[in-house]
file run_34.pdb (PDB, C-alpha atoms)
ATOM      1  CA  MET A   1      19.357 -11.860 -13.850  1.00  0.00           C
ATOM      2  CA  GLY A   2      18.871  -8.333 -12.482  1.00  0.00           C
ATOM      3  CA  LEU A   3      16.343  -7.035 -10.004  1.00  0.00           C
ATOM      4  CA  GLU A   4      12.846  -8.520 -10.295  1.00  0.00           C
ATOM      5  CA  LEU A   5       9.807  -7.141  -8.481  1.00  0.00           C
ATOM      6  CA  TYR A   6       6.697  -9.306  -8.114  1.00  0.00           C
ATOM      7  CA  LEU A   7       3.797  -6.885  -7.829  1.00  0.00           C
ATOM      8  CA  ASP A   8       0.121  -6.234  -8.353  1.00  0.00           C
ATOM      9  CA  LEU A   9      -0.788  -2.543  -8.215  1.00  0.00           C
ATOM     10  CA  LEU A  10      -4.123  -3.444  -6.645  1.00  0.00           C
ATOM     11  CA  SER A  11      -2.024  -3.977  -3.504  1.00  0.00           C
ATOM     12  CA  GLN A  12      -1.136  -0.875  -1.524  1.00  0.00           C
ATOM     13  CA  PRO A  13       2.396  -2.024  -0.456  1.00  0.00           C
ATOM     14  CA  CYS A  14       3.082  -3.023  -4.060  1.00  0.00           C
ATOM     15  CA  ARG A  15       2.185   0.502  -5.132  1.00  0.00           C
ATOM     16  CA  ALA A  16       4.647   1.914  -2.595  1.00  0.00           C
ATOM     17  CA  VAL A  17       7.471  -0.310  -3.880  1.00  0.00           C
ATOM     18  CA  TYR A  18       6.598   0.436  -7.515  1.00  0.00           C
ATOM     19  CA  ILE A  19       6.506   4.210  -7.037  1.00  0.00           C
ATOM     20  CA  PHE A  20       9.739   4.185  -5.039  1.00  0.00           C
ATOM     21  CA  ALA A  21      11.639   2.170  -7.654  1.00  0.00           C
ATOM     22  CA  LYS A  22      10.316   4.186 -10.584  1.00  0.00           C
ATOM     23  CA  LYS A  23      10.812   7.560  -8.918  1.00  0.00           C
ATOM     24  CA  ASN A  24      14.429   6.766  -8.068  1.00  0.00           C
ATOM     25  CA  GLY A  25      15.320   5.313 -11.463  1.00  0.00           C
ATOM     26  CA  ILE A  26      15.972   1.828 -10.084  1.00  0.00           C
ATOM     27  CA  PRO A  27      16.025  -0.637 -13.002  1.00  0.00           C
ATOM     28  CA  PHE A  28      13.816  -3.681 -12.471  1.00  0.00           C
ATOM     29  CA  GLU A  29      11.883  -6.356 -14.287  1.00  0.00           C
ATOM     30  CA  LEU A  30       8.196  -6.222 -13.402  1.00  0.00           C
ATOM     31  CA  ARG A  31       6.603  -9.595 -12.700  1.00  0.00           C
ATOM     32  CA  ILE A  32       2.831  -9.192 -12.452  1.00  0.00           C
ATOM     33  CA  VAL A  33       1.109 -11.429  -9.903  1.00  0.00           C
ATOM     34  CA  ASP A  34      -2.643 -11.043 -10.466  1.00  0.00           C
ATOM     35  CA  LEU A  35      -4.296 -11.109  -7.044  1.00  0.00           C
ATOM     36  CA  ILE A  36      -7.838 -11.084  -8.410  1.00  0.00           C
ATOM     37  CA  LYS A  37      -7.069 -14.266 -10.344  1.00  0.00           C
ATOM     38  CA  GLY A  38      -5.446 -15.851  -7.287  1.00  0.00           C
ATOM     39  CA  GLN A  39      -2.009 -16.134  -8.908  1.00  0.00           C
ATOM     40  CA  HIS A  40      -0.348 -15.403  -5.560  1.00  0.00           C
ATOM     41  CA  LEU A  41      -1.846 -18.642  -4.219  1.00  0.00           C
ATOM     42  CA  SER A  42      -0.303 -20.785  -6.952  1.00  0.00           C
ATOM     43  CA  ASP A  43       2.440 -23.346  -6.427  1.00  0.00           C
ATOM     44  CA  ALA A  44       4.568 -21.470  -8.969  1.00  0.00           C
ATOM     45  CA  PHE A  45       4.510 -18.244  -6.947  1.00  0.00           C
ATOM     46  CA  ALA A  46       5.077 -20.168  -3.716  1.00  0.00           C
ATOM     47  CA  GLN A  47       8.534 -20.952  -5.118  1.00  0.00           C
ATOM     48  CA  VAL A  48       9.231 -17.211  -4.966  1.00  0.00           C
ATOM     49  CA  ASN A  49       7.417 -16.464  -1.706  1.00  0.00           C
ATOM     50  CA  PRO A  50       6.172 -19.375   0.407  1.00  0.00           C
ATOM     51  CA  LEU A  51       3.988 -16.871   2.287  1.00  0.00           C
ATOM     52  CA  LYS A  52       2.060 -16.376  -0.984  1.00  0.00           C
ATOM     53  CA  LYS A  53       1.985 -12.590  -0.649  1.00  0.00           C
ATOM     54  CA  VAL A  54       3.114  -9.647  -2.747  1.00  0.00           C
ATOM     55  CA  PRO A  55       5.331  -7.716  -3.040  1.00  0.00           C
ATOM     56  CA  ALA A  56       8.363  -9.931  -3.403  1.00  0.00           C
ATOM     57  CA  LEU A  57      11.852  -9.132  -4.675  1.00  0.00           C
ATOM     58  CA  LYS A  58      14.470 -11.258  -6.390  1.00  0.00           C
ATOM     59  CA  ASP A  59      17.964  -9.889  -6.836  1.00  0.00           C
ATOM     60  CA  GLY A  60      19.969 -12.651  -8.449  1.00  0.00           C
ATOM     61  CA  ASP A  61      19.909 -15.538  -5.984  1.00  0.00           C
ATOM     62  CA  PHE A  62      18.584 -13.323  -3.184  1.00  0.00           C
ATOM     63  CA  THR A  63      14.846 -13.277  -2.462  1.00  0.00           C
ATOM     64  CA  LEU A  64      13.134 -10.848  -0.091  1.00  0.00           C
ATOM     65  CA  THR A  65       9.535 -10.478   1.044  1.00  0.00           C
ATOM     66  CA  GLU A  66       7.608  -7.889   3.101  1.00  0.00           C
ATOM     67  CA  SER A  67       7.195  -4.404   1.671  1.00  0.00           C
ATOM     68  CA  VAL A  68       9.025  -2.464   4.390  1.00  0.00           C
ATOM     69  CA  ALA A  69      12.023  -4.799   4.160  1.00  0.00           C
ATOM     70  CA  ILE A  70      12.009  -4.393   0.369  1.00  0.00           C
ATOM     71  CA  LEU A  71      11.851  -0.587   0.571  1.00  0.00           C
ATOM     72  CA  LEU A  72      14.712  -0.484   3.058  1.00  0.00           C
ATOM     73  CA  TYR A  73      16.770  -2.871   0.913  1.00  0.00           C
ATOM     74  CA  LEU A  74      16.315  -0.590  -2.089  1.00  0.00           C
ATOM     75  CA  THR A  75      17.303   2.514  -0.113  1.00  0.00           C
ATOM     76  CA  ARG A  76      20.489   0.790   1.025  1.00  0.00           C
ATOM     77  CA  LYS A  77      21.497  -0.802  -2.265  1.00  0.00           C
ATOM     78  CA  TYR A  78      20.855   2.142  -4.570  1.00  0.00           C
ATOM     79  CA  LYS A  79      21.939   5.761  -4.357  1.00  0.00           C
ATOM     80  CA  VAL A  80      18.648   7.398  -3.487  1.00  0.00           C
ATOM     81  CA  PRO A  81      18.211  10.793  -1.811  1.00  0.00           C
ATOM     82  CA  ASP A  82      18.783  10.679   1.933  1.00  0.00           C
ATOM     83  CA  TYR A  83      15.348  12.059   2.779  1.00  0.00           C
ATOM     84  CA  TRP A  84      13.637   8.766   1.912  1.00  0.00           C
ATOM     85  CA  TYR A  85      15.284   7.070   4.892  1.00  0.00           C
ATOM     86  CA  PRO A  86      17.679   9.518   6.584  1.00  0.00           C
ATOM     87  CA  GLN A  87      21.050   8.533   7.977  1.00  0.00           C
ATOM     88  CA  ASP A  88      20.395  10.785  10.967  1.00  0.00           C
ATOM     89  CA  LEU A  89      19.479   8.489  13.877  1.00  0.00           C
ATOM     90  CA  GLN A  90      16.451  10.358  15.161  1.00  0.00           C
ATOM     91  CA  ALA A  91      15.124  11.228  11.708  1.00  0.00           C
ATOM     92  CA  SER A  92      15.220   7.576  10.618  1.00  0.00           C
ATOM     93  CA  ALA A  93      13.650   6.584  13.955  1.00  0.00           C
ATOM     94  CA  ARG A  94      10.661   8.777  13.082  1.00  0.00           C
ATOM     95  CA  VAL A  95      10.246   6.908   9.797  1.00  0.00           C
ATOM     96  CA  ASP A  96      10.555   3.595  11.662  1.00  0.00           C
ATOM     97  CA  GLU A  97       7.955   4.761  14.178  1.00  0.00           C
ATOM     98  CA  TYR A  98       5.362   5.377  11.491  1.00  0.00           C
ATOM     99  CA  LEU A  99       6.145   2.151   9.616  1.00  0.00           C
ATOM    100  CA  ALA A 100       5.756   0.172  12.846  1.00  0.00           C
ATOM    101  CA  TRP A 101       2.447   1.868  13.722  1.00  0.00           C
ATOM    102  CA  GLN A 102       0.686   1.606  10.382  1.00  0.00           C
ATOM    103  CA  HIS A 103       0.740  -2.191  10.017  1.00  0.00           C
ATOM    104  CA  THR A 104      -1.995  -2.895  12.572  1.00  0.00           C
ATOM    105  CA  THR A 105      -3.871   0.407  12.384  1.00  0.00           C
ATOM    106  CA  LEU A 106      -4.149   2.348   9.142  1.00  0.00           C
ATOM    107  CA  ARG A 107      -3.423  -0.637   6.892  1.00  0.00           C
ATOM    108  CA  ARG A 108      -6.087  -2.732   8.567  1.00  0.00           C
ATOM    109  CA  SER A 109      -8.769  -0.055   8.446  1.00  0.00           C
ATOM    110  CA  CYS A 110      -7.983   0.905   4.830  1.00  0.00           C
ATOM    111  CA  LEU A 111      -8.120  -2.740   3.730  1.00  0.00           C
ATOM    112  CA  ARG A 112     -11.382  -3.331   5.533  1.00  0.00           C
ATOM    113  CA  ALA A 113     -12.922  -0.185   4.070  1.00  0.00           C
ATOM    114  CA  LEU A 114     -12.141  -1.335   0.519  1.00  0.00           C
ATOM    115  CA  TRP A 115     -13.385  -4.874   1.034  1.00  0.00           C
ATOM    116  CA  HIS A 116     -16.471  -4.107   3.101  1.00  0.00           C
ATOM    117  CA  LYS A 117     -17.607  -1.202   0.905  1.00  0.00           C
ATOM    118  CA  VAL A 118     -16.778  -2.552  -2.570  1.00  0.00           C
ATOM    119  CA  MET A 119     -14.957  -5.838  -2.953  1.00  0.00           C
ATOM    120  CA  PHE A 120     -17.284  -8.060  -0.920  1.00  0.00           C
ATOM    121  CA  PRO A 121     -20.574  -6.804  -2.391  1.00  0.00           C
ATOM    122  CA  VAL A 122     -19.395  -6.013  -5.935  1.00  0.00           C
ATOM    123  CA  PHE A 123     -16.562  -8.436  -6.677  1.00  0.00           C
ATOM    124  CA  LEU A 124     -17.438 -11.411  -4.471  1.00  0.00           C
ATOM    125  CA  GLY A 125     -21.210 -10.917  -4.383  1.00  0.00           C
ATOM    126  CA  GLU A 126     -21.259 -11.152  -0.585  1.00  0.00           C
ATOM    127  CA  PRO A 127     -23.479  -8.688   1.290  1.00  0.00           C
ATOM    128  CA  VAL A 128     -22.019  -6.639   4.134  1.00  0.00           C
ATOM    129  CA  SER A 129     -24.361  -5.493   6.876  1.00  0.00           C
ATOM    130  CA  PRO A 130     -24.824  -1.742   7.413  1.00  0.00           C
ATOM    131  CA  GLN A 131     -23.590  -2.220  10.991  1.00  0.00           C
ATOM    132  CA  THR A 132     -20.354  -3.861   9.851  1.00  0.00           C
ATOM    133  CA  LEU A 133     -19.701  -1.183   7.243  1.00  0.00           C
ATOM    134  CA  ALA A 134     -20.444   1.600   9.732  1.00  0.00           C
ATOM    135  CA  ALA A 135     -18.024   0.089  12.274  1.00  0.00           C
ATOM    136  CA  THR A 136     -15.328  -0.242   9.601  1.00  0.00           C
ATOM    137  CA  LEU A 137     -15.698   3.376   8.489  1.00  0.00           C
ATOM    138  CA  ALA A 138     -15.698   4.574  12.104  1.00  0.00           C
ATOM    139  CA  GLU A 139     -12.430   2.704  12.707  1.00  0.00           C
ATOM    140  CA  LEU A 140     -10.966   4.303   9.580  1.00  0.00           C
ATOM    141  CA  ASP A 141     -11.984   7.747  10.831  1.00  0.00           C
ATOM    142  CA  VAL A 142     -10.242   7.143  14.167  1.00  0.00           C
ATOM    143  CA  ASN A 143      -7.014   6.150  12.433  1.00  0.00           C
ATOM    144  CA  LEU A 144      -7.174   9.104  10.040  1.00  0.00           C
ATOM    145  CA  GLN A 145      -7.415  11.390  13.049  1.00  0.00           C
ATOM    146  CA  LEU A 146      -4.413   9.675  14.635  1.00  0.00           C
ATOM    147  CA  LEU A 147      -2.483  10.076  11.386  1.00  0.00           C
ATOM    148  CA  GLU A 148      -3.156  13.814  11.500  1.00  0.00           C
ATOM    149  CA  ASP A 149      -2.680  14.397  15.222  1.00  0.00           C
ATOM    150  CA  LYS A 150       0.251  12.107  16.000  1.00  0.00           C
ATOM    151  CA  PHE A 151       2.234  12.024  12.772  1.00  0.00           C
ATOM    152  CA  LEU A 152       1.416  14.890  10.398  1.00  0.00           C
ATOM    153  CA  GLN A 153       0.684  17.577  13.003  1.00  0.00           C
ATOM    154  CA  ASN A 154       1.712  20.889  11.387  1.00  0.00           C
ATOM    155  CA  LYS A 155       4.594  19.517   9.312  1.00  0.00           C
ATOM    156  CA  ALA A 156       4.856  19.416   5.543  1.00  0.00           C
ATOM    157  CA  PHE A 157       5.310  15.631   5.606  1.00  0.00           C
ATOM    158  CA  LEU A 158       4.766  12.920   8.207  1.00  0.00           C
ATOM    159  CA  THR A 159       8.276  12.953   9.641  1.00  0.00           C
ATOM    160  CA  GLY A 160       9.556  16.422   8.778  1.00  0.00           C
ATOM    161  CA  PRO A 161      10.075  18.923   5.952  1.00  0.00           C
ATOM    162  CA  HIS A 162      10.815  16.298   3.269  1.00  0.00           C
ATOM    163  CA  ILE A 163       9.011  13.280   1.879  1.00  0.00           C
ATOM    164  CA  SER A 164      10.094   9.918   3.310  1.00  0.00           C
ATOM    165  CA  LEU A 165       9.154   6.252   3.078  1.00  0.00           C
ATOM    166  CA  ALA A 166       6.527   6.993   5.737  1.00  0.00           C
ATOM    167  CA  ASP A 167       4.622   9.321   3.405  1.00  0.00           C
ATOM    168  CA  LEU A 168       4.846   6.912   0.489  1.00  0.00           C
ATOM    169  CA  VAL A 169       3.522   3.992   2.542  1.00  0.00           C
ATOM    170  CA  ALA A 170       0.770   6.161   4.046  1.00  0.00           C
ATOM    171  CA  ILE A 171      -0.548   7.643   0.813  1.00  0.00           C
ATOM    172  CA  THR A 172      -0.717   4.270  -0.938  1.00  0.00           C
ATOM    173  CA  GLU A 173      -2.733   2.933   2.014  1.00  0.00           C
ATOM    174  CA  LEU A 174      -5.183   5.842   1.919  1.00  0.00           C
ATOM    175  CA  MET A 175      -5.885   5.349  -1.774  1.00  0.00           C
ATOM    176  CA  HIS A 176      -7.556   2.026  -0.897  1.00  0.00           C
ATOM    177  CA  PRO A 177     -10.606   3.651   0.732  1.00  0.00           C
ATOM    178  CA  VAL A 178     -10.493   6.404  -1.905  1.00  0.00           C
ATOM    179  CA  GLY A 179     -10.842   3.647  -4.515  1.00  0.00           C
ATOM    180  CA  ALA A 180     -13.861   2.391  -2.585  1.00  0.00           C
ATOM    181  CA  GLY A 181     -15.494   5.815  -2.792  1.00  0.00           C
ATOM    182  CA  CYS A 182     -14.765   6.923   0.774  1.00  0.00           C
ATOM    183  CA  GLN A 183     -14.423  10.665   1.376  1.00  0.00           C
ATOM    184  CA  VAL A 184     -10.966  10.457   2.951  1.00  0.00           C
ATOM    185  CA  PHE A 185      -9.673  13.918   2.146  1.00  0.00           C
ATOM    186  CA  GLU A 186     -12.772  16.032   1.529  1.00  0.00           C
ATOM    187  CA  SER A 187     -13.380  16.954   5.180  1.00  0.00           C
ATOM    188  CA  ARG A 188      -9.717  16.936   6.168  1.00  0.00           C
ATOM    189  CA  PRO A 189      -7.989  19.954   4.569  1.00  0.00           C
ATOM    190  CA  LYS A 190      -4.692  19.266   6.341  1.00  0.00           C
ATOM    191  CA  LEU A 191      -4.536  15.725   4.942  1.00  0.00           C
ATOM    192  CA  ALA A 192      -5.683  16.955   1.528  1.00  0.00           C
ATOM    193  CA  THR A 193      -2.839  19.478   1.376  1.00  0.00           C
ATOM    194  CA  TRP A 194      -0.372  16.788   2.483  1.00  0.00           C
ATOM    195  CA  ARG A 195      -1.645  14.504  -0.293  1.00  0.00           C
ATOM    196  CA  GLN A 196      -0.982  17.247  -2.843  1.00  0.00           C
ATOM    197  CA  ARG A 197       2.584  17.627  -1.551  1.00  0.00           C
ATOM    198  CA  VAL A 198       3.204  13.875  -1.755  1.00  0.00           C
ATOM    199  CA  GLU A 199       1.794  13.651  -5.286  1.00  0.00           C
ATOM    200  CA  ALA A 200       3.970  16.572  -6.378  1.00  0.00           C
ATOM    201  CA  ALA A 201       7.050  15.022  -4.762  1.00  0.00           C
ATOM    202  CA  VAL A 202       6.682  11.664  -6.520  1.00  0.00           C
ATOM    203  CA  GLY A 203       5.293  13.134  -9.739  1.00  0.00           C
ATOM    204  CA  GLU A 204       1.619  13.353 -10.656  1.00  0.00           C
ATOM    205  CA  ASP A 205       1.934  11.104 -13.725  1.00  0.00           C
ATOM    206  CA  LEU A 206       3.652   8.332 -11.766  1.00  0.00           C
ATOM    207  CA  PHE A 207       1.142   8.673  -8.929  1.00  0.00           C
ATOM    208  CA  ARG A 208      -1.755   8.399 -11.375  1.00  0.00           C
ATOM    209  CA  GLU A 209      -0.204   5.410 -13.126  1.00  0.00           C
ATOM    210  CA  ALA A 210       0.345   3.528  -9.855  1.00  0.00           C
ATOM    211  CA  HIS A 211      -3.242   4.097  -8.689  1.00  0.00           C
ATOM    212  CA  GLU A 212      -5.093   3.509 -11.935  1.00  0.00           C
ATOM    213  CA  VAL A 213      -6.164  -0.020 -10.919  1.00  0.00           C
ATOM    214  CA  ILE A 214      -7.396   0.786  -7.414  1.00  0.00           C
ATOM    215  CA  LEU A 215      -9.380   3.796  -8.614  1.00  0.00           C
ATOM    216  CA  LYS A 216     -11.367   1.437 -10.873  1.00  0.00           C
ATOM    217  CA  ALA A 217     -12.128  -1.055  -8.096  1.00  0.00           C
ATOM    218  CA  LYS A 218     -15.848  -0.225  -8.139  1.00  0.00           C
ATOM    219  CA  ASP A 219     -15.962  -1.348 -11.789  1.00  0.00           C
ATOM    220  CA  PHE A 220     -14.478  -4.821 -11.266  1.00  0.00           C
ATOM    221  CA  PRO A 221     -16.682  -7.544 -12.785  1.00  0.00           C
ATOM    222  CA  PRO A 222     -18.021 -10.214 -10.406  1.00  0.00           C
ATOM    223  CA  ALA A 223     -15.588 -13.000  -9.609  1.00  0.00           C
ATOM    224  CA  ASP A 224     -15.860 -16.367 -11.272  1.00  0.00           C
ATOM    225  CA  PRO A 225     -17.251 -18.882  -8.704  1.00  0.00           C
ATOM    226  CA  THR A 226     -14.068 -20.964  -8.841  1.00  0.00           C
ATOM    227  CA  ILE A 227     -11.913 -17.890  -8.218  1.00  0.00           C
ATOM    228  CA  LYS A 228     -14.226 -16.787  -5.420  1.00  0.00           C
ATOM    229  CA  GLN A 229     -13.875 -20.140  -3.690  1.00  0.00           C
ATOM    230  CA  LYS A 230     -10.106 -19.924  -3.971  1.00  0.00           C
ATOM    231  CA  LEU A 231      -9.882 -16.329  -2.735  1.00  0.00           C
ATOM    232  CA  MET A 232     -12.366 -16.399   0.131  1.00  0.00           C
ATOM    233  CA  PRO A 233     -10.124 -17.952   2.841  1.00  0.00           C
ATOM    234  CA  TRP A 234      -7.280 -15.584   1.898  1.00  0.00           C
ATOM    235  CA  VAL A 235      -9.525 -12.505   1.976  1.00  0.00           C
ATOM    236  CA  LEU A 236     -11.085 -13.395   5.340  1.00  0.00           C
ATOM    237  CA  ALA A 237      -7.632 -13.966   6.871  1.00  0.00           C
ATOM    238  CA  MET A 238      -6.332 -10.715   5.400  1.00  0.00           C
ATOM    239  CA  ILE A 239      -9.039  -8.391   6.753  1.00  0.00           C
ATOM    240  CA  ARG A 240      -9.871  -9.955  10.108  1.00  0.00           C
TER     241      ARG A 240
END

call {"tool": "encode", "arguments": {"input": "run_34.pdb", "output": "structure tokens"}}
result
Amino acid sequence: MGLELYLDLLSQPCRAVYIFAKKNGIPFELRIVDLIKGQHLSDAFAQVNPLKKVPALKDGDFTLTESVAILLYLTRKYKVPDYWYPQDLQASARVDEYLAWQHTTLRRSCLRALWHKVMFPVFLGEPVSPQTLAATLAELDVNLQLLEDKFLQNKAFLTGPHISLADLVAITELMHPVGAGCQVFESRPKLATWRQRVEAAVGEDLFREAHEVILKAKDFPPADPTIKQKLMPWVLAMIR
């Protein structure tokens, strides 16, 4: 059995892995794990990833979880352009720096924006107070400013003149609040221009394909009560 990727393109790290593999011509078998149906919580998927999270990778008898680990594994196994994760010590350290920062900052605020603005009220039928939503969007704004000031600055991409894993992980995160209807780029021309560069670098058709699901998040039908009951503990743990 060749490379298998367990993904749901509703998930931002899954989108990063999917785009990276497709863009670099890495052959893989796509195994869809439907998060909205709770398939990641099943006993069957727990055999692949006991943490019950996507993405996950199987390469023969080898199984790997966590999106950053998967992206790094793919850069090392396959002949991909050096700019994704440079061999130069300091250049790769800059990519590492962003990947380490985003887990507890941008990822958290982008997730919360999607769930508080759309998924709780529309999909789960759970109201979110105006105060909670306002606090979530304020936190997102702080992290967007940090993304600009600390990482992008006046560069073409987050870590230098070429796209890297940092840009791919960042843009897939930011499309979460975009899918919720947040005005992420409209008042931030520097970030908007960076987004255009990233889309052009990965290919506009591939970018559109990977984000088709998240951009329809506002149109999700309400969850079945049984599914809601199953998902609620997972969602609350994920966005806290």

call {"tool": "residues_around", "arguments": {"input": "run_34.pdb", "residues": "A:Val213", "least_positions_apart": "6", "cutoff": "10 Å", "atoms": "only C-alpha atoms", "output": "PyMOL selection string"}}
result
chain A and resi 8-11+179+219-220

call {"tool": "residues_around", "arguments": {"input": "run_34.pdb", "residues": "stretch 141-158 of chain A", "least_positions_apart": "5", "cutoff": "10 Å", "atoms": "only C-alpha atoms", "output": "PyMOL selection string"}}
result
chain A and resi 94-95+97-98+101-102+105-110+135-136+163-168+170+174+184-185+188+190-191+193-195+197-198

call {"tool": "atom_distance", "arguments": {"input": "run_34.pdb", "atom1": "atom CA of A:Val178", "atom2": "atom CA of A:Ser67"}}
result
21.0 Å

call {"tool": "axis_aligned_box", "arguments": {"input": "run_34.pdb", "around": "stretch 112-126 of chain A", "padding_each_side": "5 Å", "output": "JSON"}}
result
{"center_x": -16.3, "center_y": -5.8, "center_z": -0.6, "size_x": 19.9, "size_y": 21.2, "size_z": 22.2}

call {"tool": "resolve_selection", "arguments": {"input": "run_34.pdb", "expression": "the PyMOL selection byres ((chain A and resi 118-129) around 9)", "output": "PyMOL selection string"}}
result
chain A and resi 113-117+130-134+179-181+217-225+228+232

call {"tool": "resolve_selection", "arguments": {"input": "run_34.pdb", "expression": "the PyMOL selection byres ((chain A and resi 5) around 6)", "output": "number ranges by chain"}}
result
A: 4, 6, 30-31, 56-57

call {"tool": "closest_residue", "arguments": {"input": "run_34.pdb", "among": "A:Arg208, A:His176, A:Lys230, A:His162", "to": "A:Pro86", "atoms": "only C-alpha atoms"}}
result
A:His162

call {"tool": "atom_distance", "arguments": {"input": "run_34.pdb", "atom1": "atom CA of A:Val235", "atom2": "atom CA of A:Arg15"}}
result
18.9 Å

call {"tool": "residues_around", "arguments": {"input": "run_34.pdb", "residues": "A:Val17", "least_positions_apart": "2", "cutoff": "9 Å", "atoms": "only C-alpha atoms", "output": "PyMOL selection string"}}
result
chain A and resi 5+7+12-15+19-22+55+67-68+70-71+168-169

call {"tool": "atom_distance", "arguments": {"input": "run_34.pdb", "atom1": "atom CA of A:Ile171", "atom2": "atom CA of A:Lys58"}}
result
25.2 Å

call {"tool": "resolve_selection", "arguments": {"input": "run_34.pdb", "expression": "the PyMOL selection byres ((chain A and resi 35-45) around 8)", "output": "ChimeraX atom specification"}}
result
/A:8,10,33-34,46-50,52-54,227,230-231

call {"tool": "closest_residue", "arguments": {"input": "run_34.pdb", "among": "A:Ala69, A:Ala100, A:Leu64, A:Leu111", "to": "A:Met238", "atoms": "only C-alpha atoms"}}
result
A:Leu111

call {"tool": "closest_residue", "arguments": {"input": "run_34.pdb", "among": "A:Lys23, A:Ile239, A:Ser92, A:Glu204", "to": "A:Val80", "atoms": "all atoms listed in the file"}}
result
A:Lys23

call {"tool": "residues_around", "arguments": {"input": "run_34.pdb", "residues": "A:Asp59", "least_positions_apart": "3", "cutoff": "7 Å", "atoms": "all atoms listed in the file", "output": "PDB file with C-alpha atoms, in the frame of the given file"}}
result
ATOM      1  CA  GLY A   2      18.871  -8.333 -12.482  1.00  0.00           C
ATOM      2  CA  LEU A   3      16.343  -7.035 -10.004  1.00  0.00           C
ATOM      3  CA  GLU A   4      12.846  -8.520 -10.295  1.00  0.00           C
ATOM      4  CA  PHE A  62      18.584 -13.323  -3.184  1.00  0.00           C
ATOM      5  CA  THR A  63      14.846 -13.277  -2.462  1.00  0.00           C
TER       6      THR A  63
END

call {"tool": "closest_residue", "arguments": {"input": "run_34.pdb", "among": "A:Lys216, A:Lys77, A:His211, A:Arg240", "to": "A:Glu173", "atoms": "all atoms listed in the file"}}
result
A:His211

call {"tool": "build_atoms", "arguments": {"input": "run_34.pdb", "residues": "stretch 26-38 of chain A", "atoms": "N, CA and C atoms", "output": "mmCIF file, in the frame of the given file"}}
result
data_model
loop_
_atom_site.group_PDB
_atom_site.id
_atom_site.type_symbol
_atom_site.label_atom_id
_atom_site.label_comp_id
_atom_site.auth_asym_id
_atom_site.auth_seq_id
_atom_site.Cartn_x
_atom_site.Cartn_y
_atom_site.Cartn_z
ATOM 1 N N ILE A 26 15.404 3.147 -10.372
ATOM 2 C CA ILE A 26 15.972 1.828 -10.084
ATOM 3 C C ILE A 26 15.514 0.866 -11.174
ATOM 4 N N PRO A 27 16.436 0.274 -11.928
ATOM 5 C CA PRO A 27 16.025 -0.637 -13.002
ATOM 6 C C PRO A 27 15.505 -1.955 -12.438
ATOM 7 N N PHE A 28 14.362 -2.406 -12.935
ATOM 8 C CA PHE A 28 13.816 -3.681 -12.471
ATOM 9 C C PHE A 28 12.940 -4.301 -13.540
ATOM 10 N N GLU A 29 12.791 -5.601 -13.431
ATOM 11 C CA GLU A 29 11.883 -6.356 -14.287
ATOM 12 C C GLU A 29 10.590 -6.557 -13.514
ATOM 13 N N LEU A 30 9.483 -6.098 -14.082
ATOM 14 C CA LEU A 30 8.196 -6.222 -13.402
ATOM 15 C C LEU A 30 7.580 -7.584 -13.680
ATOM 16 N N ARG A 31 7.283 -8.303 -12.611
ATOM 17 C CA ARG A 31 6.603 -9.595 -12.700
ATOM 18 C C ARG A 31 5.211 -9.433 -12.092
ATOM 19 N N ILE A 32 4.192 -9.397 -12.934
ATOM 20 C CA ILE A 32 2.831 -9.192 -12.452
ATOM 21 C C ILE A 32 2.308 -10.480 -11.808
ATOM 22 N N VAL A 33 1.772 -10.329 -10.605
ATOM 23 C CA VAL A 33 1.109 -11.429 -9.903
ATOM 24 C C VAL A 33 -0.336 -10.978 -9.692
ATOM 25 N N ASP A 34 -1.258 -11.519 -10.458
ATOM 26 C CA ASP A 34 -2.643 -11.043 -10.466
ATOM 27 C C ASP A 34 -3.396 -11.578 -9.247
ATOM 28 N N LEU A 35 -3.630 -10.699 -8.280
ATOM 29 C CA LEU A 35 -4.296 -11.109 -7.044
ATOM 30 C C LEU A 35 -5.740 -11.526 -7.293
ATOM 31 N N ILE A 36 -6.431 -10.797 -8.147
ATOM 32 C CA ILE A 36 -7.838 -11.084 -8.410
ATOM 33 C C ILE A 36 -8.027 -12.457 -9.045
ATOM 34 N N LYS A 37 -7.012 -12.924 -9.755
ATOM 35 C CA LYS A 37 -7.069 -14.266 -10.344
ATOM 36 C C LYS A 37 -6.488 -15.328 -9.418
ATOM 37 N N GLY A 38 -5.988 -14.897 -8.243
ATOM 38 C CA GLY A 38 -5.446 -15.851 -7.287
ATOM 39 C C GLY A 38 -4.067 -16.369 -7.644
#
